[in-house]
Amino acid sequence: MSDRNETLFDTARAVIPGGVNSPVRAYGSVGGTPRFLASANGARVTDAAGAEYIDLVASWGPALLGHAHPDVVRTVQDAASRGLSFGAPTEGEVELAQLIAERVRHGDVRPVERVRLVSTGTEATMTAIRLARGVTGRDLLVKFSGHYHGHSDGLLAAAGSGVATLALPGSAGVPAPIAAQTLVIDYNDPDALATVFAEHGERIAAVIVEAASANMGVVPPLPGFNKLIADTAHAHGALMIFDEVLTGFRVHAAGFWGLQQQAGEQYEPDIITFGKVVGGGMPLAALGGRAAVMDMLAPVGPVYQAGTLSGNPLSVAAGIATLRLATPEVYAAVDAAAARVADALDAALTDAGVVHAVPRAGNLFGVVFAGSVPTTYAQAQAQESFRYAPFFHAMREQRIALPPSVFEAWFLTAAHGEAELAAIEAALPAAARAAASASV
Ligand SMILES: *Cc1c(COP(=O)(O)O)cnc(C)c1O
């Protein structure tokens, strides 16, 4: 039994490490053959064998409007006809920077006065950290266990033993002295935050945090925790780097920050990073902050940062079109679709007698095979994750494509209409039964 996906995967592994260009795509945690996608439209993707799936990955978030939105595609085609890359400033970059700055506001509070465009989320967080170090003249970085901020050396750091110890390399190839510039502490743990600042406060340049964590499964911040980070960092002269690469322009027009301001949790991050939705599916990411911080970047200030393809005209065109089309109606549709699928997921697992929780953060949600919503990485890891592979494959057999890991969020789009949502609801009970009968 060999379909086109299997043939391609075999061929791919001969020429690409593991056959993929980003590890999670290899289906390592669910087993089986990854689907090689040939096309995507709206809420659906089609694989190399011609099979169509309702998609709950949305390119890991960017496809807020649905795949290949005709207006976005046309805008990119028009831009392509005018030239693929110039290595010089363009009018579109100014417009996109203005759109980002304009959106990230709550009343008179506008934490993003200046924006620098880069190509990936990894670059955005890497630059944010260098900028925080340049601004403060300090070296240490605090990050939370289980939070993902891209794959730069200092962020591939794993907690050492005990609270507030210097981190160990989280990947082969990361020098120990670089990992030791990062302090990894438990998420949602006010004591750990207090301790790390009590021990190292004068040497800490910044705390970096996912706005709402979604890379260890969805683990929402406890009420007040983001504000506590801002207050603690600021009391010690450190910056707060708020990583909205995944959440920005997806959970709300003003990102997760905007949602929390609306809910009355008032704080101001010093640097905010964006990616995924902001590029509308093209390689584009950004960082933003107040002028006093951002103007420390070259060519105005002493912190170096550059990029041959930064502000690429095709990416910028996709970003502008996507943000312009991401109206309040779009957010309302994505919120409603996410709530409906999350509720159906919860109900199906309950009916099948599976111990589970459905953590939610705005319109982000996922599944956890444990009795309660985790608050830390240790709790997220302690679940019965072996139940996910049969669940995932049962959905896939019914032509619903879920993220190939239990530690990822499910992504809805504005293109998930009644037909797709009903199909997902109809598929969930069989998948829940597969999860129920799973064994280690
Ligand atoms: C995806 C992601 C990144 C990394 O972005 P890339 O474009 O993959 O480099 C950083 N932070 C968060 C929170 C992310 O979800």
# chains A, B, ... in the order shown; residues from 1 in each chain; ligands from 1
call {"tool": "residues_near_ligand", "arguments": {"ligand": "ligand 1", "cutoff": "8 Å", "atoms": "only C-alpha atoms and all ligand atoms", "output": "number ranges by chain"}}
result
A: 60, 119-125, 147-151, 210-211, 213-215, 243-247, 273, 275-276, 283-285
call {"tool": "write_last_selection", "arguments": {"atoms": "N, CA and C atoms", "output": "JSON list (two decimals), in the first residue's frame"}}
result
[["chain", "number", "residue", "atom", "x", "y", "z"],
["A", 60, "TRP", "N", -0.16, 26.65, 11.01],
["A", 60, "TRP", "CA", 0.23, 26.95, 12.40],
["A", 60, "TRP", "C", -0.18, 28.36, 12.78],
["A", 119, "SER", "N", 11.93, 38.59, 8.94],
["A", 119, "SER", "CA", 11.32, 37.53, 8.11],
["A", 119, "SER", "C", 10.71, 36.37, 8.88],
["A", 120, "THR", "N", 11.18, 36.11, 10.11],
["A", 120, "THR", "CA", 10.64, 34.99, 10.89],
["A", 120, "THR", "C", 10.47, 35.39, 12.35],
["A", 121, "GLY", "N", 9.63, 34.64, 13.04],
["A", 121, "GLY", "CA", 9.44, 34.86, 14.46],
["A", 121, "GLY", "C", 10.75, 34.67, 15.23],
["A", 122, "THR", "N", 11.54, 33.72, 14.80],
["A", 122, "THR", "CA", 12.85, 33.48, 15.43],
["A", 122, "THR", "C", 13.70, 34.75, 15.39],
["A", 123, "GLU", "N", 13.71, 35.40, 14.24],
["A", 123, "GLU", "CA", 14.48, 36.64, 14.11],
["A", 123, "GLU", "C", 13.91, 37.74, 15.00],
["A", 124, "ALA", "N", 12.58, 37.79, 15.09],
["A", 124, "ALA", "CA", 11.94, 38.85, 15.88],
["A", 124, "ALA", "C", 12.34, 38.73, 17.36],
["A", 125, "THR", "N", 12.26, 37.51, 17.91],
["A", 125, "THR", "CA", 12.59, 37.35, 19.34],
["A", 125, "THR", "C", 14.09, 37.51, 19.57],
["A", 147, "HIS", "N", 7.92, 27.34, 27.10],
["A", 147, "HIS", "CA", 7.59, 28.40, 26.14],
["A", 147, "HIS", "C", 8.55, 28.32, 24.96],
["A", 148, "TYR", "N", 8.00, 28.52, 23.77],
["A", 148, "TYR", "CA", 8.80, 28.47, 22.55],
["A", 148, "TYR", "C", 8.87, 29.86, 21.94],
["A", 149, "HIS", "N", 10.07, 30.27, 21.61],
["A", 149, "HIS", "CA", 10.25, 31.60, 21.01],
["A", 149, "HIS", "C", 11.12, 31.52, 19.76],
["A", 150, "GLY", "N", 11.09, 30.37, 19.08],
["A", 150, "GLY", "CA", 11.97, 30.21, 17.93],
["A", 150, "GLY", "C", 13.23, 29.47, 18.33],
["A", 151, "HIS", "N", 14.16, 29.33, 17.38],
["A", 151, "HIS", "CA", 15.26, 28.39, 17.60],
["A", 151, "HIS", "C", 16.63, 29.05, 17.70],
["A", 210, "GLU", "N", 5.54, 34.00, 26.27],
["A", 210, "GLU", "CA", 4.47, 33.88, 25.28],
["A", 210, "GLU", "C", 3.25, 34.59, 25.86],
["A", 211, "ALA", "N", 2.59, 35.39, 25.06],
["A", 211, "ALA", "CA", 1.44, 36.16, 25.54],
["A", 211, "ALA", "C", 0.44, 35.24, 26.23],
["A", 213, "SER", "N", 0.61, 30.88, 26.48],
["A", 213, "SER", "CA", 1.44, 29.83, 25.89],
["A", 213, "SER", "C", 0.61, 28.87, 25.08],
["A", 214, "ALA", "N", 1.13, 28.52, 23.91],
["A", 214, "ALA", "CA", 0.42, 27.65, 22.99],
["A", 214, "ALA", "C", 1.38, 26.67, 22.32],
["A", 215, "ASN", "N", 2.61, 26.59, 22.82],
["A", 215, "ASN", "CA", 3.59, 25.68, 22.24],
["A", 215, "ASN", "C", 3.92, 24.52, 23.18],
["A", 243, "ASP", "N", 5.85, 37.93, 23.64],
["A", 243, "ASP", "CA", 5.90, 37.20, 22.37],
["A", 243, "ASP", "C", 4.48, 36.90, 21.88],
["A", 244, "GLU", "N", 4.06, 37.70, 20.92],
["A", 244, "GLU", "CA", 2.73, 37.53, 20.31],
["A", 244, "GLU", "C", 2.87, 36.96, 18.89],
["A", 245, "VAL", "N", 3.96, 36.24, 18.62],
["A", 245, "VAL", "CA", 4.15, 35.67, 17.28],
["A", 245, "VAL", "C", 2.96, 34.81, 16.90],
["A", 246, "LEU", "N", 2.46, 34.03, 17.85],
["A", 246, "LEU", "CA", 1.33, 33.14, 17.55],
["A", 246, "LEU", "C", -0.02, 33.82, 17.81],
["A", 247, "THR", "N", -0.11, 34.58, 18.87],
["A", 247, "THR", "CA", -1.39, 35.15, 19.30],
["A", 247, "THR", "C", -1.72, 36.48, 18.61],
["A", 273, "THR", "N", 6.65, 41.03, 20.01],
["A", 273, "THR", "CA", 7.04, 40.38, 18.76],
["A", 273, "THR", "C", 5.80, 39.81, 18.08],
["A", 275, "GLY", "N", 4.38, 37.58, 14.38],
["A", 275, "GLY", "CA", 4.74, 36.69, 13.27],
["A", 275, "GLY", "C", 3.46, 36.08, 12.75],
["A", 276, "LYS", "N", 3.56, 34.93, 12.11],
["A", 276, "LYS", "CA", 2.38, 34.18, 11.67],
["A", 276, "LYS", "C", 1.33, 35.07, 10.99],
["A", 283, "PRO", "N", 6.65, 34.81, 4.47],
["A", 283, "PRO", "CA", 7.67, 34.96, 5.52],
["A", 283, "PRO", "C", 7.80, 36.41, 5.96],
["A", 284, "LEU", "N", 7.21, 36.71, 7.09],
["A", 284, "LEU", "CA", 7.29, 38.07, 7.64],
["A", 284, "LEU", "C", 6.99, 38.02, 9.13],
["A", 285, "ALA", "N", 7.75, 38.77, 9.88],
["A", 285, "ALA", "CA", 7.52, 38.91, 11.31],
["A", 285, "ALA", "C", 7.95, 40.33, 11.68]]
call {"tool": "select_by_dssp", "arguments": {"residues": "range 249-354 of chain A", "states": "alpha helix (DSSP H)", "output": "ChimeraX atom specification"}}
result
/A:255-262,291-294,313-325,328-351
call {"tool": "closest_residue", "arguments": {"among": "A:Arg25, A:Ala179, A:Ala409, A:Val135", "to": "Thr165 in chain A", "atoms": "only C-alpha atoms"}}
result
A:Ala179
call {"tool": "atom_distance", "arguments": {"atom1": "CA of Gly366 in chain A", "atom2": "CA of Gly160 in chain A"}}
result
28.2 Å
call {"tool": "residues_around", "arguments": {"residues": "range 329-340 of chain A", "least_positions_apart": "2", "cutoff": "6 Å", "atoms": "only C-alpha atoms", "output": "PyMOL selection string"}}
result
chain A and resi 326-327+342-343+363+412-414
call {"tool": "write_last_selection", "arguments": {"atoms": "N, CA and C atoms", "output": "mmCIF file, in the first residue's frame"}}
result
data_model
loop_
_atom_site.group_PDB
_atom_site.id
_atom_site.type_symbol
_atom_site.label_atom_id
_atom_site.label_comp_id
_atom_site.auth_asym_id
_atom_site.auth_seq_id
_atom_site.Cartn_x
_atom_site.Cartn_y
_atom_site.Cartn_z
ATOM 1 N N ALA A 326 -8.835 41.627 8.194
ATOM 2 C CA ALA A 326 -9.124 41.052 9.519
ATOM 3 C C ALA A 326 -9.986 42.026 10.316
ATOM 4 N N THR A 327 -11.244 42.058 9.949
ATOM 5 C CA THR A 327 -12.216 42.981 10.540
ATOM 6 C C THR A 327 -12.795 42.405 11.836
ATOM 7 N N ALA A 342 -14.370 23.648 20.191
ATOM 8 C CA ALA A 342 -13.875 23.336 21.536
ATOM 9 C C ALA A 342 -14.972 22.678 22.377
ATOM 10 N N ASP A 343 -16.184 23.192 22.279
ATOM 11 C CA ASP A 343 -17.308 22.604 23.029
ATOM 12 C C ASP A 343 -17.594 21.179 22.552
ATOM 13 N N ASN A 363 -9.473 32.708 21.360
ATOM 14 C CA ASN A 363 -9.959 31.690 20.427
ATOM 15 C C ASN A 363 -8.967 30.536 20.223
ATOM 16 N N LEU A 412 -8.651 27.582 14.050
ATOM 17 C CA LEU A 412 -9.796 27.815 13.180
ATOM 18 C C LEU A 412 -9.506 29.031 12.304
ATOM 19 N N THR A 413 -10.302 29.177 11.255
ATOM 20 C CA THR A 413 -10.166 30.340 10.379
ATOM 21 C C THR A 413 -11.561 30.890 10.087
ATOM 22 N N ALA A 414 -11.585 32.062 9.474
ATOM 23 C CA ALA A 414 -12.871 32.667 9.107
ATOM 24 C C ALA A 414 -13.544 31.896 7.976
#
call {"tool": "select_by_dssp", "arguments": {"residues": "range 297-413 of chain A", "states": "strand (DSSP E or B)", "output": "PyMOL selection string"}}
result
chain A and resi 297+303+357+360-361+364-365+368+400-401+410
call {"tool": "write_last_selection", "arguments": {"atoms": "C-alpha atoms", "output": "short mmCIF file (atom, residue, chain, number, x, y, z; two decimals), in the first residue's frame"}}
result
data_model
loop_
_atom_site.label_atom_id
_atom_site.label_comp_id
_atom_site.auth_asym_id
_atom_site.auth_seq_id
_atom_site.Cartn_x
_atom_site.Cartn_y
_atom_site.Cartn_z
CA LEU A 297 18.27 49.73 16.80
CA VAL A 303 22.14 47.65 18.47
CA ALA A 357 -9.53 19.15 29.67
CA ARG A 360 -8.71 27.97 26.14
CA ALA A 361 -7.03 31.35 25.70
CA LEU A 364 -6.99 29.36 20.99
CA PHE A 365 -7.72 25.96 22.44
CA VAL A 368 -5.15 17.82 27.30
CA ILE A 400 -10.04 16.20 9.36
CA ALA A 401 -6.41 17.35 9.67
CA TRP A 410 -5.96 23.89 17.06
#
call {"tool": "closest_residue", "arguments": {"among": "A:Met296, A:Leu166, A:Val251, A:Met240", "to": "Ala212 in chain A", "atoms": "only C-alpha atoms"}}
result
A:Val251
call {"tool": "closest_residue", "arguments": {"among": "A:Leu323, A:Ala423, A:Thr46, A:Val112", "to": "Ala292 in chain A", "atoms": "only C-alpha atoms"}}
result
A:Val112
call {"tool": "closest_residue", "arguments": {"among": "A:Ser437, A:Gln261, A:Thr90, A:Ser171", "to": "Val316 in chain A", "atoms": "only C-alpha atoms"}}
result
A:Thr90
call {"tool": "residues_around", "arguments": {"residues": "Val277 in chain A", "least_positions_apart": "3", "cutoff": "7 Å", "atoms": "only C-alpha atoms", "output": "PDB file with C-alpha atoms, in the first residue's frame"}}
result
ATOM      1  CA  GLY A  61      -1.810  30.113  12.616  1.00  0.00           C
ATOM      2  CA  PRO A  62      -1.204  32.499   9.708  1.00  0.00           C
ATOM      3  CA  ALA A  63      -4.313  31.509   7.708  1.00  0.00           C
ATOM      4  CA  LEU A  64      -6.695  33.590   9.860  1.00  0.00           C
ATOM      5  CA  PHE A 249      -3.723  39.543  15.298  1.00  0.00           C
ATOM      6  CA  ARG A 250      -5.221  36.061  15.784  1.00  0.00           C
ATOM      7  CA  GLY A 280      -0.623  36.412   5.967  1.00  0.00           C
ATOM      8  CA  GLY A 281       1.188  33.181   5.083  1.00  0.00           C
TER       9      GLY A 281
END
call {"tool": "decode", "arguments": {"residues": "range 42-60 of chain A", "atoms": "N, CA, C and O atoms", "output": "compact mmCIF listing (two decimals), in the first residue's frame"}}
result
# COMPACT_ATOMS: atom_id res chain seq x y z
N GLY A 42 -9.42 28.08 1.44
CA GLY A 42 -10.40 28.28 2.50
C GLY A 42 -10.04 27.45 3.72
O GLY A 42 -8.94 27.57 4.26
N ALA A 43 -10.95 26.57 4.14
CA ALA A 43 -10.74 25.75 5.33
C ALA A 43 -10.19 24.38 4.97
O ALA A 43 -10.11 23.51 5.83
N ARG A 44 -9.83 24.17 3.69
CA ARG A 44 -9.46 22.82 3.25
C ARG A 44 -8.07 22.77 2.64
O ARG A 44 -7.63 23.74 2.03
N VAL A 45 -7.43 21.62 2.81
CA VAL A 45 -6.14 21.36 2.18
C VAL A 45 -6.23 20.07 1.38
O VAL A 45 -7.03 19.19 1.72
N THR A 46 -5.42 19.97 0.33
CA THR A 46 -5.43 18.78 -0.52
C THR A 46 -4.03 18.21 -0.58
O THR A 46 -3.07 18.96 -0.79
N ASP A 47 -3.91 16.91 -0.36
CA ASP A 47 -2.58 16.32 -0.33
C ASP A 47 -2.15 15.82 -1.71
O ASP A 47 -2.90 15.90 -2.69
N ALA A 48 -0.91 15.29 -1.74
CA ALA A 48 -0.31 14.91 -3.02
C ALA A 48 -1.03 13.74 -3.67
O ALA A 48 -0.90 13.52 -4.88
N ALA A 49 -1.82 12.99 -2.88
CA ALA A 49 -2.59 11.88 -3.45
C ALA A 49 -3.99 12.33 -3.85
O ALA A 49 -4.82 11.52 -4.27
N GLY A 50 -4.26 13.61 -3.69
CA GLY A 50 -5.56 14.14 -4.10
C GLY A 50 -6.63 14.09 -3.02
O GLY A 50 -7.78 14.44 -3.26
N ALA A 51 -6.27 13.69 -1.81
CA ALA A 51 -7.26 13.63 -0.73
C ALA A 51 -7.42 15.02 -0.10
O ALA A 51 -6.44 15.72 0.14
N GLU A 52 -8.68 15.36 0.15
CA GLU A 52 -8.98 16.68 0.73
C GLU A 52 -9.31 16.54 2.21
O GLU A 52 -10.01 15.61 2.61
N TYR A 53 -8.80 17.47 3.00
CA TYR A 53 -9.03 17.46 4.45
C TYR A 53 -9.55 18.83 4.90
O TYR A 53 -9.14 19.85 4.36
N ILE A 54 -10.40 18.81 5.91
CA ILE A 54 -10.71 20.06 6.61
C ILE A 54 -9.55 20.32 7.55
O ILE A 54 -9.13 19.44 8.32
N ASP A 55 -9.01 21.51 7.47
CA ASP A 55 -7.72 21.81 8.09
C ASP A 55 -7.89 22.55 9.42
O ASP A 55 -8.57 23.58 9.49
N LEU A 56 -7.25 22.03 10.47
CA LEU A 56 -7.25 22.73 11.76
C LEU A 56 -5.83 23.11 12.16
O LEU A 56 -5.51 23.25 13.34
N VAL A 57 -4.97 23.25 11.16
CA VAL A 57 -3.59 23.68 11.41
C VAL A 57 -3.40 25.13 10.93
O VAL A 57 -2.73 25.92 11.60
N ALA A 58 -4.02 25.46 9.79
CA ALA A 58 -3.98 26.84 9.29
C ALA A 58 -2.55 27.36 9.17
O ALA A 58 -2.27 28.51 9.52
N SER A 59 -1.65 26.46 8.70
CA SER A 59 -0.23 26.82 8.58
C SER A 59 0.36 27.22 9.93
O SER A 59 1.25 28.04 10.01
N TRP A 60 -0.16 26.65 11.01
CA TRP A 60 0.23 26.95 12.40
C TRP A 60 -0.18 28.36 12.78
O TRP A 60 0.48 29.02 13.60
